[in-house]
>>> print(open('structure27.txt').read())   # compact mmCIF, C-alpha atoms and all ligand atoms
# COMPACT_ATOMS: atom_id res chain seq x y z
CA MET R 1 158.60 105.30 107.91
CA THR R 2 160.21 106.28 111.18
CA ALA R 3 163.74 106.90 112.42
CA LEU R 4 164.84 103.56 113.90
CA PHE R 5 167.56 103.68 116.53
CA LEU R 6 170.11 100.88 116.82
CA PRO R 7 172.32 101.14 119.93
CA CYS R 8 175.77 99.56 119.84
CA ALA R 9 178.93 99.35 121.96
CA ALA R 10 181.04 102.50 122.09
CA GLY R 11 183.53 102.57 119.24
CA VAL R 12 181.38 100.41 116.95
CA GLU R 13 179.17 103.22 115.55
CA GLU R 14 180.99 103.63 112.25
CA LEU R 15 181.09 99.89 111.58
CA LEU R 16 177.39 99.64 112.43
CA ALA R 17 176.51 102.54 110.12
CA ASP R 18 178.27 100.69 107.27
CA GLU R 19 176.52 97.45 108.15
CA VAL R 20 173.08 99.11 108.30
CA GLN R 21 173.66 100.71 104.91
CA ARG R 22 174.68 97.33 103.48
CA ILE R 23 171.55 95.63 104.90
CA THR R 24 168.95 98.29 104.13
CA GLY R 25 170.49 100.21 101.23
CA ARG R 26 169.86 103.41 103.21
CA ALA R 27 172.39 105.80 104.69
CA ALA R 28 172.56 105.60 108.48
CA GLU R 29 173.38 108.53 110.72
CA ARG R 30 175.97 107.96 113.42
CA THR R 31 175.58 109.27 116.93
CA ARG R 32 177.32 108.39 120.20
CA GLY R 33 176.35 104.84 121.14
CA GLY R 34 174.35 103.96 118.04
CA VAL R 35 172.99 104.85 114.63
CA TRP R 36 169.71 106.17 113.21
CA VAL R 37 168.18 104.94 109.99
CA GLU R 38 164.88 105.70 108.30
CA GLY R 39 162.84 102.53 108.06
CA ASP R 40 159.48 100.78 108.22
CA GLU R 41 158.34 97.53 109.82
CA ARG R 42 160.04 95.42 107.15
CA CYS R 43 163.28 97.30 107.65
CA ALA R 44 163.12 96.80 111.45
CA MET R 45 162.53 93.07 110.94
CA GLN R 46 165.38 92.80 108.44
CA LEU R 47 167.80 94.60 110.78
CA ASN R 48 166.87 92.30 113.64
CA LEU R 49 167.54 89.29 111.45
CA GLU R 50 170.76 90.48 109.83
CA SER R 51 172.64 92.96 112.02
CA ARG R 52 175.68 91.45 113.73
CA LEU R 53 176.71 94.68 115.45
CA ALA R 54 173.53 96.31 116.81
CA GLN R 55 172.44 95.63 120.38
CA ARG R 56 168.75 96.20 119.62
CA VAL R 57 166.43 97.72 117.04
CA LEU R 58 164.35 100.41 118.72
CA TRP R 59 161.16 101.94 117.32
CA PRO R 60 160.59 105.45 118.70
CA LEU R 61 157.16 106.07 120.22
CA ILE R 62 157.49 109.55 121.69
CA ASP R 63 160.13 111.98 122.80
CA GLY R 64 160.22 115.33 124.55
CA PRO R 65 161.59 117.37 127.42
CA TYR R 66 161.03 116.24 131.01
CA ARG R 67 162.03 117.32 134.51
CA ASP R 68 160.63 114.56 136.70
CA GLU R 69 158.68 111.29 136.73
CA HIS R 70 155.32 113.10 136.48
CA GLU R 71 156.35 114.70 133.22
CA LEU R 72 157.51 111.30 131.97
CA TYR R 73 154.04 109.97 132.77
CA ALA R 74 152.45 112.86 130.84
CA LEU R 75 154.80 112.23 127.90
CA ALA R 76 153.96 108.52 127.81
CA ARG R 77 150.21 109.23 127.97
CA ARG R 78 150.51 110.86 124.53
CA VAL R 79 151.30 107.48 122.88
CA PRO R 80 148.21 105.78 121.32
CA TRP R 81 148.73 102.63 123.42
CA PRO R 82 145.70 100.63 122.18
CA ARG R 83 147.51 100.44 118.83
CA TRP R 84 150.46 98.76 120.58
CA ILE R 85 149.03 96.49 123.25
CA THR R 86 145.81 94.80 124.42
CA PRO R 87 144.82 94.22 128.07
CA GLN R 88 145.50 90.50 127.56
CA GLN R 89 149.13 91.18 126.68
CA THR R 90 152.17 91.93 128.84
CA LEU R 91 154.76 94.68 128.98
CA ARG R 92 158.14 95.50 130.51
CA VAL R 93 159.87 98.87 130.88
CA GLU R 94 163.67 99.18 130.87
CA VAL R 95 165.33 102.50 131.59
CA SER R 96 168.73 103.78 130.59
CA ALA R 97 169.98 107.14 131.86
CA GLN R 98 172.76 109.53 131.02
CA ARG R 99 173.23 112.54 133.30
CA SER R 100 169.55 112.36 134.25
CA PRO R 101 168.28 114.36 137.25
CA LEU R 102 166.01 111.44 138.28
CA THR R 103 166.72 109.86 141.65
CA SER R 104 165.03 106.54 140.93
CA LEU R 105 165.01 104.88 137.54
CA ASN R 106 162.70 102.19 138.95
CA PHE R 107 160.14 104.87 139.73
CA ALA R 108 160.50 106.25 136.19
CA ALA R 109 159.82 102.76 134.80
CA LEU R 110 156.79 102.46 137.09
CA ARG R 111 155.34 105.75 135.83
CA ILE R 112 155.69 104.63 132.20
CA LYS R 113 153.95 101.37 133.07
CA ASP R 114 151.20 103.37 134.82
CA ALA R 115 150.72 105.52 131.71
CA VAL R 116 150.22 102.42 129.54
CA CYS R 117 147.88 100.75 132.05
CA ASP R 118 145.81 103.91 132.70
CA SER R 119 145.41 104.46 128.97
CA LEU R 120 144.23 100.88 128.40
CA ARG R 121 141.94 100.93 131.43
CA GLU R 122 140.25 104.04 130.03
CA SER R 123 139.92 102.72 126.47
CA ALA R 124 139.30 99.01 127.08
CA GLY R 125 138.26 98.74 130.73
CA ALA R 126 141.20 96.51 131.65
CA ARG R 127 144.95 96.80 131.88
CA PRO R 128 147.84 94.68 130.65
CA SER R 129 150.17 93.09 133.17
CA VAL R 130 153.92 93.13 133.60
CA ASP R 131 156.18 90.29 132.48
CA THR R 132 159.86 90.97 132.96
CA ARG R 133 161.02 87.82 131.17
CA ARG R 134 159.17 87.56 127.87
CA PRO R 135 156.84 90.53 127.51
CA ASP R 136 154.71 91.08 124.41
CA LEU R 137 155.70 94.74 124.43
CA PRO R 138 159.17 95.51 125.80
CA LEU R 139 159.58 99.26 126.21
CA PHE R 140 162.86 101.08 126.44
CA LEU R 141 163.06 104.54 128.01
CA PHE R 142 166.13 106.68 127.52
CA VAL R 143 166.46 109.68 129.82
CA GLY R 144 169.12 112.33 129.26
CA PRO R 145 169.70 115.53 131.27
CA GLU R 146 166.49 117.19 129.98
CA HIS R 147 165.13 115.01 127.22
CA ALA R 148 163.48 111.59 127.21
CA THR R 149 162.73 109.13 124.40
CA LEU R 150 160.46 106.13 124.74
CA TYR R 151 160.92 103.26 122.30
CA ALA R 152 159.29 99.93 121.55
CA ASP R 153 162.14 97.42 121.64
CA THR R 154 161.46 95.31 118.55
CA SER R 155 164.27 92.89 119.48
CA GLY R 156 163.19 91.85 122.98
CA GLU R 157 166.23 89.91 124.08
CA ALA R 158 169.39 91.83 123.19
CA LEU R 159 170.71 90.92 119.76
CA PHE R 160 174.02 89.52 121.01
CA LYS R 161 171.92 86.57 122.14
CA ARG R 162 171.93 84.69 118.88
CA GLY R 163 170.19 81.64 120.27
CA TRP R 164 173.09 79.18 120.09
CA ARG R 165 175.07 79.80 123.27
CA GLU R 166 174.59 77.45 126.18
CA ASP R 167 178.16 76.72 127.15
CA THR R 168 180.04 79.88 128.01
CA GLY R 169 183.28 79.12 129.82
CA GLU R 170 184.78 81.83 131.97
CA ALA R 171 185.16 84.97 129.90
CA PRO R 172 183.22 84.79 126.67
CA LEU R 173 183.07 87.76 124.37
CA LYS R 174 179.67 89.06 123.45
CA GLU R 175 178.76 87.90 119.95
CA THR R 176 178.32 91.54 118.89
CA LEU R 177 181.89 92.35 120.01
CA ALA R 178 183.34 89.35 118.18
CA ALA R 179 181.43 90.51 115.11
CA ALA R 180 182.83 94.04 115.57
CA MET R 181 186.39 92.62 115.68
CA LEU R 182 185.80 90.80 112.40
CA ALA R 183 184.19 93.88 110.85
CA ALA R 184 187.07 96.13 111.98
CA ALA R 185 189.48 93.69 110.31
CA GLY R 186 187.38 93.75 107.14
CA TRP R 187 187.04 89.94 107.39
CA GLN R 188 183.66 89.04 105.89
CA GLY R 189 184.05 85.33 105.27
CA ARG R 190 184.57 85.67 101.51
CA ALA R 191 187.04 83.41 99.71
CA GLY R 192 189.40 86.36 99.22
CA ASP R 193 189.54 87.01 102.97
CA GLY R 194 191.62 83.86 103.52
CA PRO R 195 191.44 81.43 106.46
CA LEU R 196 190.80 82.60 109.99
CA LEU R 197 192.31 81.09 113.16
CA ASP R 198 191.46 81.79 116.80
CA PRO R 199 194.06 79.79 118.77
CA CYS R 200 192.60 80.83 122.18
CA CYS R 201 188.95 80.29 121.27
CA GLY R 202 187.34 79.80 124.69
CA ALA R 203 183.62 79.23 124.05
CA GLY R 204 184.26 79.79 120.35
CA THR R 205 182.53 83.15 119.87
CA ILE R 206 184.91 84.60 117.27
CA ALA R 207 185.17 81.37 115.28
CA ILE R 208 181.39 80.84 115.32
CA GLU R 209 180.65 84.40 114.17
CA ALA R 210 183.30 83.98 111.47
CA ALA R 211 181.93 80.61 110.33
CA GLN R 212 178.39 82.00 110.13
CA LEU R 213 179.75 84.79 107.91
CA ALA R 214 181.61 82.23 105.79
CA CYS R 215 178.39 80.21 105.38
CA GLY R 216 176.05 83.18 104.83
CA ILE R 217 174.03 82.36 107.98
CA ALA R 218 172.05 85.36 109.30
CA PRO R 219 172.86 86.10 112.98
CA GLY R 220 169.15 86.13 113.90
CA ALA R 221 168.28 82.92 112.05
CA LEU R 222 168.06 80.85 115.25
CA ARG R 223 166.00 83.09 117.53
CA SER R 224 162.70 84.88 117.88
CA PHE R 225 162.08 88.61 118.31
CA ALA R 226 159.63 90.74 120.28
CA PHE R 227 158.15 92.27 117.12
CA GLU R 228 156.64 88.86 116.31
CA ARG R 229 154.19 89.50 119.18
CA MET R 230 153.64 93.24 118.65
CA LEU R 231 150.27 94.45 117.33
CA PRO R 232 151.56 96.87 114.64
CA PHE R 233 153.78 94.13 113.19
CA ARG R 234 151.00 91.56 112.82
CA PRO R 235 150.07 92.58 109.26
CA HIS R 236 153.78 92.32 108.37
CA LEU R 237 154.34 88.76 109.58
CA PRO R 238 153.98 87.26 106.07
CA ALA R 239 156.83 89.59 104.99
CA TRP R 240 158.79 88.33 108.03
CA ARG R 241 158.35 84.70 106.96
CA GLU R 242 159.54 85.72 103.51
CA LEU R 243 162.64 87.44 104.94
CA GLN R 244 163.42 84.29 106.94
CA ARG R 245 162.91 82.11 103.86
CA GLU R 246 165.21 84.33 101.80
CA ALA R 247 167.85 84.21 104.54
CA ARG R 248 167.72 80.40 104.61
CA GLY R 249 168.14 80.42 100.84
CA ARG R 250 171.40 82.36 101.15
CA VAL R 251 173.12 79.72 103.34
CA HIS R 252 175.98 77.99 101.54
CA ALA R 253 179.02 75.80 102.14
CA PRO R 254 181.82 77.75 103.85
CA ALA R 255 183.55 80.09 101.41
CA VAL R 256 186.73 80.02 103.49
CA PRO R 257 188.09 77.78 106.28
CA VAL R 258 187.84 78.70 109.95
CA HIS R 259 190.14 77.13 112.56
CA ALA R 260 189.93 77.38 116.33
CA GLY R 261 191.41 75.84 119.41
CA ASP R 262 192.20 76.21 123.06
CA VAL R 263 194.71 74.75 125.44
CA SER R 264 191.82 73.51 127.55
CA PHE R 265 189.87 70.49 126.33
CA ARG R 266 186.92 71.73 128.38
CA MET R 267 186.82 74.93 126.30
CA THR R 268 187.18 73.27 122.89
CA ASP R 269 184.40 70.92 123.96
CA PHE R 270 182.18 73.92 124.92
CA ALA R 271 183.03 75.66 121.67
CA THR R 272 182.31 72.57 119.59
CA ARG R 273 178.88 72.20 121.17
CA ASN R 274 178.14 75.90 120.64
CA ALA R 275 179.19 75.57 116.99
CA GLU R 276 176.89 72.60 116.61
CA ARG R 277 173.91 74.65 117.82
CA ALA R 278 174.96 77.59 115.61
CA GLY R 279 174.86 75.33 112.54
CA VAL R 280 178.58 75.68 111.80
CA ARG R 281 180.16 72.59 113.37
CA GLN R 282 181.34 71.37 109.97
CA ALA R 283 182.74 74.80 109.06
CA ILE R 284 185.25 74.98 111.94
CA GLU R 285 188.29 72.81 112.60
CA PHE R 286 188.69 72.63 116.39
CA ARG R 287 191.87 71.42 118.08
CA THR R 288 192.88 71.25 121.72
CA VAL R 289 196.39 72.60 121.55
CA ASP R 290 198.66 75.22 123.11
CA ALA R 291 198.70 78.41 120.99
CA LEU R 292 202.45 78.51 121.60
CA GLN R 293 202.80 75.21 119.76
CA ARG R 294 200.10 75.45 117.12
CA LEU R 295 201.35 75.55 113.55
CA PRO R 296 199.59 77.57 110.84
CA PRO R 297 196.93 75.77 108.79
CA ALA R 298 197.83 77.77 105.65
CA ALA R 299 200.60 79.94 104.24
CA ALA R 300 198.70 83.14 105.02
CA GLY R 301 195.56 84.13 106.88
CA THR R 302 194.09 86.06 109.80
CA LEU R 303 194.68 85.30 113.46
CA MET R 304 191.89 86.76 115.58
CA LEU R 305 191.77 86.36 119.36
CA ASN R 306 191.28 87.87 122.73
CA PRO R 307 194.10 86.32 124.70
CA PRO R 308 193.74 85.55 128.40
CA TYR R 309 193.93 88.56 130.65
CA GLY R 310 193.37 88.83 134.40
CA GLU R 311 190.33 91.05 134.30
CA ARG R 312 188.31 88.61 132.25
CA ILE R 313 189.61 85.19 133.18
CA ALA R 314 190.12 83.48 136.50
CA PRO R 315 192.84 80.89 137.01
CA LYS R 316 190.40 78.01 137.19
CA GLY R 317 188.96 78.89 133.80
CA ARG R 318 191.71 77.44 131.70
CA GLY R 319 193.76 74.40 131.13
CA ALA R 320 196.58 74.77 133.59
CA GLY R 321 198.34 71.65 132.48
CA GLY R 322 201.41 73.51 131.32
CA GLY R 323 199.83 74.28 127.98
CA HIS R 324 199.83 70.71 126.71
CA GLY R 325 196.15 70.33 126.04
CA SER R 326 195.24 68.61 129.28
CA VAL R 327 191.95 69.10 131.10
CA ALA R 328 192.13 72.00 133.56
CA ALA R 329 193.61 71.37 136.97
CA THR R 330 192.56 74.21 139.25
CA PRO R 331 195.43 75.95 140.99
CA ALA R 332 194.52 77.34 144.39
CA GLY R 333 194.49 81.14 144.38
CA GLY R 334 196.67 82.42 141.59
CA ALA R 335 197.75 85.74 140.19
CA ALA R 336 195.18 88.31 139.13
CA ARG R 337 196.70 88.53 135.67
CA GLN R 338 197.45 85.44 133.70
CA GLY R 339 199.67 84.63 130.83
CA PHE R 340 199.47 81.70 128.46
CA ASP R 341 200.82 78.86 130.52
CA GLY R 342 200.52 80.10 134.08
CA GLY R 343 204.31 80.03 134.31
CA GLY R 344 205.75 83.29 133.04
CA SER R 345 204.59 86.85 133.50
CA PRO R 346 202.10 88.23 130.95
CA ALA R 347 205.01 90.08 129.33
CA ASP R 348 206.98 86.82 128.92
CA GLU R 349 203.93 85.04 127.58
CA PHE R 350 203.07 87.66 124.98
CA PHE R 351 206.75 87.76 124.04
CA ALA R 352 206.74 83.98 123.58
CA LEU R 353 203.58 84.16 121.47
CA ALA R 354 205.12 86.82 119.24
CA ALA R 355 208.29 84.74 118.89
CA HIS R 356 206.23 81.69 117.89
CA TRP R 357 204.32 83.71 115.30
CA LYS R 358 207.50 85.28 113.89
CA ARG R 359 208.95 81.82 113.51
CA HIS R 360 205.92 80.14 111.93
CA TYR R 361 203.24 82.64 110.88
CA SER R 362 205.08 84.97 108.53
CA GLY R 363 202.54 86.34 106.02
CA TRP R 364 199.64 86.24 108.51
CA SER R 365 198.05 89.23 110.15
CA ALA R 366 197.10 88.98 113.81
CA TRP R 367 194.25 90.90 115.45
CA LEU R 368 194.25 90.84 119.24
CA LEU R 369 191.68 92.41 121.54
CA SER R 370 193.28 93.33 124.84
CA PRO R 371 192.94 95.82 127.69
CA GLU R 372 196.76 95.94 127.73
CA MET R 373 197.58 99.42 126.43
CA LYS R 374 201.19 98.54 125.61
CA LEU R 375 200.69 95.21 123.91
CA GLY R 376 203.02 96.08 121.01
CA GLY R 377 205.82 96.72 123.51
CA LEU R 378 205.18 93.41 125.30
CA MET R 379 205.27 91.55 122.01
CA HIS R 380 208.22 93.49 120.64
CA MET R 381 206.13 94.13 117.56
CA LYS R 382 204.82 97.35 116.10
CA GLU R 383 201.08 97.36 115.56
CA SER R 384 199.81 98.67 112.23
CA ARG R 385 196.39 99.46 113.69
CA ARG R 386 194.95 100.10 117.12
CA VAL R 387 191.14 100.34 117.31
CA PRO R 388 189.45 101.40 120.58
CA MET R 389 186.75 98.92 121.68
CA TRP R 390 184.96 98.17 124.94
CA ASN R 391 184.62 94.64 126.28
CA GLY R 392 181.71 95.34 128.64
CA ALA R 393 183.08 97.92 131.06
CA ILE R 394 186.69 97.21 130.13
CA GLU R 395 188.39 99.59 127.73
CA CYS R 396 190.38 97.63 125.17
CA ARG R 397 192.28 98.04 121.97
CA LEU R 398 192.02 95.81 118.92
CA TYR R 399 195.62 95.59 117.69
CA ARG R 400 196.70 94.55 114.25
CA PHE R 401 200.16 93.08 113.78
CA ASP R 402 201.52 92.12 110.37
CA ILE R 403 203.75 89.15 111.02
CA VAL R 404 207.06 88.97 109.25
CA ALA R 405 209.68 86.32 109.73
CA GLY R 406 212.80 87.33 111.53
CA ALA R 407 215.08 86.67 114.37
CA GLY R 408 214.81 90.04 116.12
CA PRO R 409 214.09 90.40 119.78
CA GLY R 410 210.98 88.18 119.56
CA SER R 411 213.17 85.09 119.23
CA ARG R 412 214.43 85.21 122.82
CA PRO R 413 214.04 81.74 124.35
CA ARG R 414 210.81 81.23 126.24
CA PRO R 415 211.28 81.31 130.01
CA SER R 416 210.72 77.96 131.64
CA ALA R 417 207.96 77.45 134.19
CA PRO R 418 209.04 77.21 137.81
C1 LIG R 501 189.67 85.41 127.23
S1 LIG R 501 189.44 83.76 126.86
C2 LIG R 501 188.83 83.75 125.24
C3 LIG R 501 187.35 83.89 125.21
C4 LIG R 501 186.75 83.64 123.87
N1 LIG R 501 187.07 84.68 122.92
C5 LIG R 501 185.25 83.47 124.01
O1 LIG R 501 184.49 84.27 123.46
O2 LIG R 501 184.82 82.56 124.72
C6 LIG R 501 191.07 83.17 126.62
C7 LIG R 501 191.17 81.70 126.34
O3 LIG R 501 192.53 81.40 126.08
C8 LIG R 501 192.76 80.07 126.50
N2 LIG R 501 194.22 79.88 126.66
C9 LIG R 501 195.03 80.26 127.68
N3 LIG R 501 196.29 79.91 127.42
C10 LIG R 501 196.30 79.30 126.21
C11 LIG R 501 197.31 78.70 125.39
N4 LIG R 501 198.58 78.67 125.80
N5 LIG R 501 196.94 78.18 124.22
C12 LIG R 501 195.67 78.19 123.81
N6 LIG R 501 194.65 78.72 124.55
C13 LIG R 501 194.98 79.28 125.73
C14 LIG R 501 191.98 79.94 127.78
O4 LIG R 501 191.69 78.57 128.05
C15 LIG R 501 190.73 80.77 127.45
O5 LIG R 501 189.70 79.93 127.01
>>> encode(input="structure27.txt", output="structure tokens")
Amino acid sequence: MTALFLPCAAGVEELLADEVQRITGRAAERTRGGVWVEGDERCAMQLNLESRLAQRVLWPLIDGPYRDEHELYALARRVPWPRWITPQQTLRVEVSAQRSPLTSLNFAALRIKDAVCDSLRESAGARPSVDTRRPDLPLFLFVGPEHATLYADTSGEALFKRGWREDTGEAPLKETLAAAMLAAAGWQGRAGDGPLLDPCCGAGTIAIEAAQLACGIAPGALRSFAFERMLPFRPHLPAWRELQREARGRVHAPAVPVHAGDVSFRMTDFATRNAERAGVRQAIEFRTVDALQRLPPAAAGTLMLNPPYGERIAPKGRGAGGGHGSVAATPAGGAARQGFDGGGSPADEFFALAAHWKRHYSGWSAWLLSPEMKLGGLMHMKESRRVPMWNGAIECRLYRFDIVAGAGPGSRPRPSAP
């Protein structure tokens, strides 16, 4: 047993701790930027296969105080490397720093690599080589102000890469963030959760994550992991095949319907192809339609979306055909911030969306991820929740609105496009 570390996006720690407990049956300890959980090789493999929220599953090798790169080298020399890698295999060292006194993180990575190679040269007479793309042993070094921890990265490629995305569009969410939105909403794809609709689906990330939940498909079912090539995991590979077999056995017909769409045909086409690769094409109803005209597929349900916003979407990235489902025509230049039809201001567009929902979606709850800090004001609706989340470097809020019918200010007529 060791203390596995699972990093995650800021704000997601509590959701990840709950998820880890659900997957492993063990209590996880929250810290800034991730969670710790006691586990063995089987547990690390299971978390890689099943966690929707973790960025990686890291296996600690050594930790201790350091002042410079030489002390990092000395620290890394204390790891029994021949247990982890042979001279015929490859490695990569990634470094992440927080208030570190080091001037060059590249040099720190080089010193860790030297420690591994020197150790192998002494014990086996030859050294492994570096492969930055698909190493057998990816290492992850975290350096703080005075303390360093070196991990074996059992995931390899970050876990948001589920293995199904080829078509991205302009501003796709990371799969882990889409999963965090669903987790924050408590939507787990069970029959009791009701239908889910993303009317601005882009490449389909939210709908695909939701449909995989609804079908019991493990997020890691379609990809491989670095631990499959790591020496200490070799004796555990039969258990890995068993975990994969069990996961396949849990796949079922969707417990609840998922609907998605976009004003741009190009995006619904991308999303449909992504869903196909993710094994959930049949579980999602896609439609190319303006969100401001789309009618609800059921009497009640959950709307979940990250609407267009200037920081994440360029004008050419969307259907600019006046919101009538046409293929995108690319306007030259364009405003930095965009609304829903390229006509009104973002305030007008959000207002129009709220008015549409008040008219047709009474009984639904809407969850919107946006960097707009006053979204409730723009929509003339009072949010019932506001969860801080980060979309990459962009600070956002996940807003919950409970939609009730009513004239109110949201019924102001929609401004016409110039
Ligand atoms: C920020 S992106 C969504 C990204 C998506 N969550 C993903 O992971 O790919 C916003 C999307 O809203 C779409 N959109 C813009 N105006 C729309 C409208 N009036 N109706 C429906 N979709 C719209 C854009 O085409 C774009 O794909």
>>> residues_around(input="structure27.txt", residues="segment 61-72 of chain R", least_positions_apart="6", cutoff="8 Å", atoms="all atoms listed in the file", output="JSON, numbers by chain")
{"R": [78, 79, 101, 102, 107, 108, 111, 112, 146, 147, 148, 149, 150, 151, 152]}
>>> write_last_selection(input="structure27.txt", atoms="C-alpha atoms", output="tab-separated table (two decimals), in the coordinates of the input")
chain	number	residue	atom	x	y	z
R	78	ARG	CA	150.51	110.86	124.53
R	79	VAL	CA	151.30	107.48	122.88
R	101	PRO	CA	168.28	114.36	137.25
R	102	LEU	CA	166.01	111.44	138.28
R	107	PHE	CA	160.14	104.87	139.73
R	108	ALA	CA	160.50	106.25	136.19
R	111	ARG	CA	155.34	105.75	135.83
R	112	ILE	CA	155.69	104.63	132.20
R	146	GLU	CA	166.49	117.19	129.98
R	147	HIS	CA	165.13	115.01	127.22
R	148	ALA	CA	163.48	111.59	127.21
R	149	THR	CA	162.73	109.13	124.40
R	150	LEU	CA	160.46	106.13	124.74
R	151	TYR	CA	160.92	103.26	122.30
R	152	ALA	CA	159.29	99.93	121.55
>>> atom_distance(input="structure27.txt", atom1="atom O4 of ligand LIG 501 (chain R)", atom2="atom CA of Gly189 of chain R")
25.0 Å
>>> residues_around(input="structure27.txt", residues="Trp59 of chain R", least_positions_apart="3", cutoff="12 Å", atoms="only C-alpha atoms", output="JSON, numbers by chain")
{"R": [1, 2, 3, 4, 5, 6, 7, 36, 37, 38, 39, 40, 41, 43, 44, 45, 47, 48, 56, 62, 63, 84, 137, 138, 139, 140, 141, 149, 150, 151, 152, 153, 154, 155, 156, 226, 227, 230, 232, 233]}
>>> axis_aligned_box(input="structure27.txt", around="ligand LIG 501 (chain R)", padding_each_side="4 Å", output="JSON")
{"center_x": 191.5, "center_y": 81.8, "center_z": 125.5, "size_x": 22.1, "size_y": 15.2, "size_z": 13.1}
>>> closest_residue(input="structure27.txt", among="R:Ser123, R:Gln293, R:Gln188, R:Thr272", to="Ala210 of chain R", atoms="all atoms listed in the file")
R:Gln188
>>> residues_around(input="structure27.txt", residues="Arg77 of chain R", least_positions_apart="6", cutoff="9 Å", atoms="all atoms listed in the file", output="number ranges by chain")
R: 112, 115-116, 118-119
>>> atom_distance(input="structure27.txt", atom1="atom CA of Leu49 of chain R", atom2="atom CA of Gly186 of chain R")
20.8 Å
>>> closest_residue(input="structure27.txt", among="R:Gln88, R:Gln46, R:Ala366, R:Glu209", to="Gly25 of chain R", atoms="all atoms listed in the file")
R:Gln46
>>> closest_residue(input="structure27.txt", among="R:Leu120, R:Ala180, R:Val20, R:Ile403", to="Val387 of chain R", atoms="all atoms listed in the file")
R:Ala180
>>> closest_residue(input="structure27.txt", among="R:Ile85, R:Ile217, R:Ile394, R:Leu292", to="ligand LIG 501 (chain R)", atoms="all atoms listed in the file")
R:Leu292
>>> atom_distance(input="structure27.txt", atom1="atom CA of Thr268 of chain R", atom2="atom CA of Leu197 of chain R")
13.5 Å
>>> residues_near_point(input="structure27.txt", point="(175.8, 94.4, 123.1)", cutoff="8 Å", atoms="all atoms listed in the file", output="list in words")
Cys8, Ala9, Leu53, Ala54, Gln55, Ala158, Leu159, Phe160, Lys174, Glu175, Thr176 and Leu177 of chain R
>>> write_last_selection(input="structure27.txt", atoms="C-alpha atoms", output="CSV table (one decimal), in the coordinates of the input")
chain,number,residue,atom,x,y,z
R,8,CYS,CA,175.8,99.6,119.8
R,9,ALA,CA,178.9,99.4,122.0
R,53,LEU,CA,176.7,94.7,115.4
R,54,ALA,CA,173.5,96.3,116.8
R,55,GLN,CA,172.4,95.6,120.4
R,158,ALA,CA,169.4,91.8,123.2
R,159,LEU,CA,170.7,90.9,119.8
R,160,PHE,CA,174.0,89.5,121.0
R,174,LYS,CA,179.7,89.1,123.4
R,175,GLU,CA,178.8,87.9,120.0
R,176,THR,CA,178.3,91.5,118.9
R,177,LEU,CA,181.9,92.4,120.0
>>> residues_around(input="structure27.txt", residues="Leu369 of chain R", least_positions_apart="2", cutoff="7 Å", atoms="only C-alpha atoms", output="list of chain:residue names")
R:Leu305, R:Asn306, R:Trp367, R:Cys396, R:Arg397, R:Leu398, R:Tyr399
>>> write_last_selection(input="structure27.txt", atoms="C-alpha atoms", output="compact mmCIF listing (two decimals), in the frame of the given file")
# COMPACT_ATOMS: atom_id res chain seq x y z
CA LEU R 305 191.77 86.36 119.36
CA ASN R 306 191.28 87.87 122.73
CA TRP R 367 194.25 90.90 115.45
CA CYS R 396 190.38 97.63 125.17
CA ARG R 397 192.28 98.04 121.97
CA LEU R 398 192.02 95.81 118.92
CA TYR R 399 195.62 95.59 117.69
>>> residues_around(input="structure27.txt", residues="Gly261 of chain R", least_positions_apart="4", cutoff="10 Å", atoms="all atoms listed in the file", output="VMD selection string")
chain R and resid 197 to 204 207 265 267 to 269 271 to 272 284 to 291 294 325
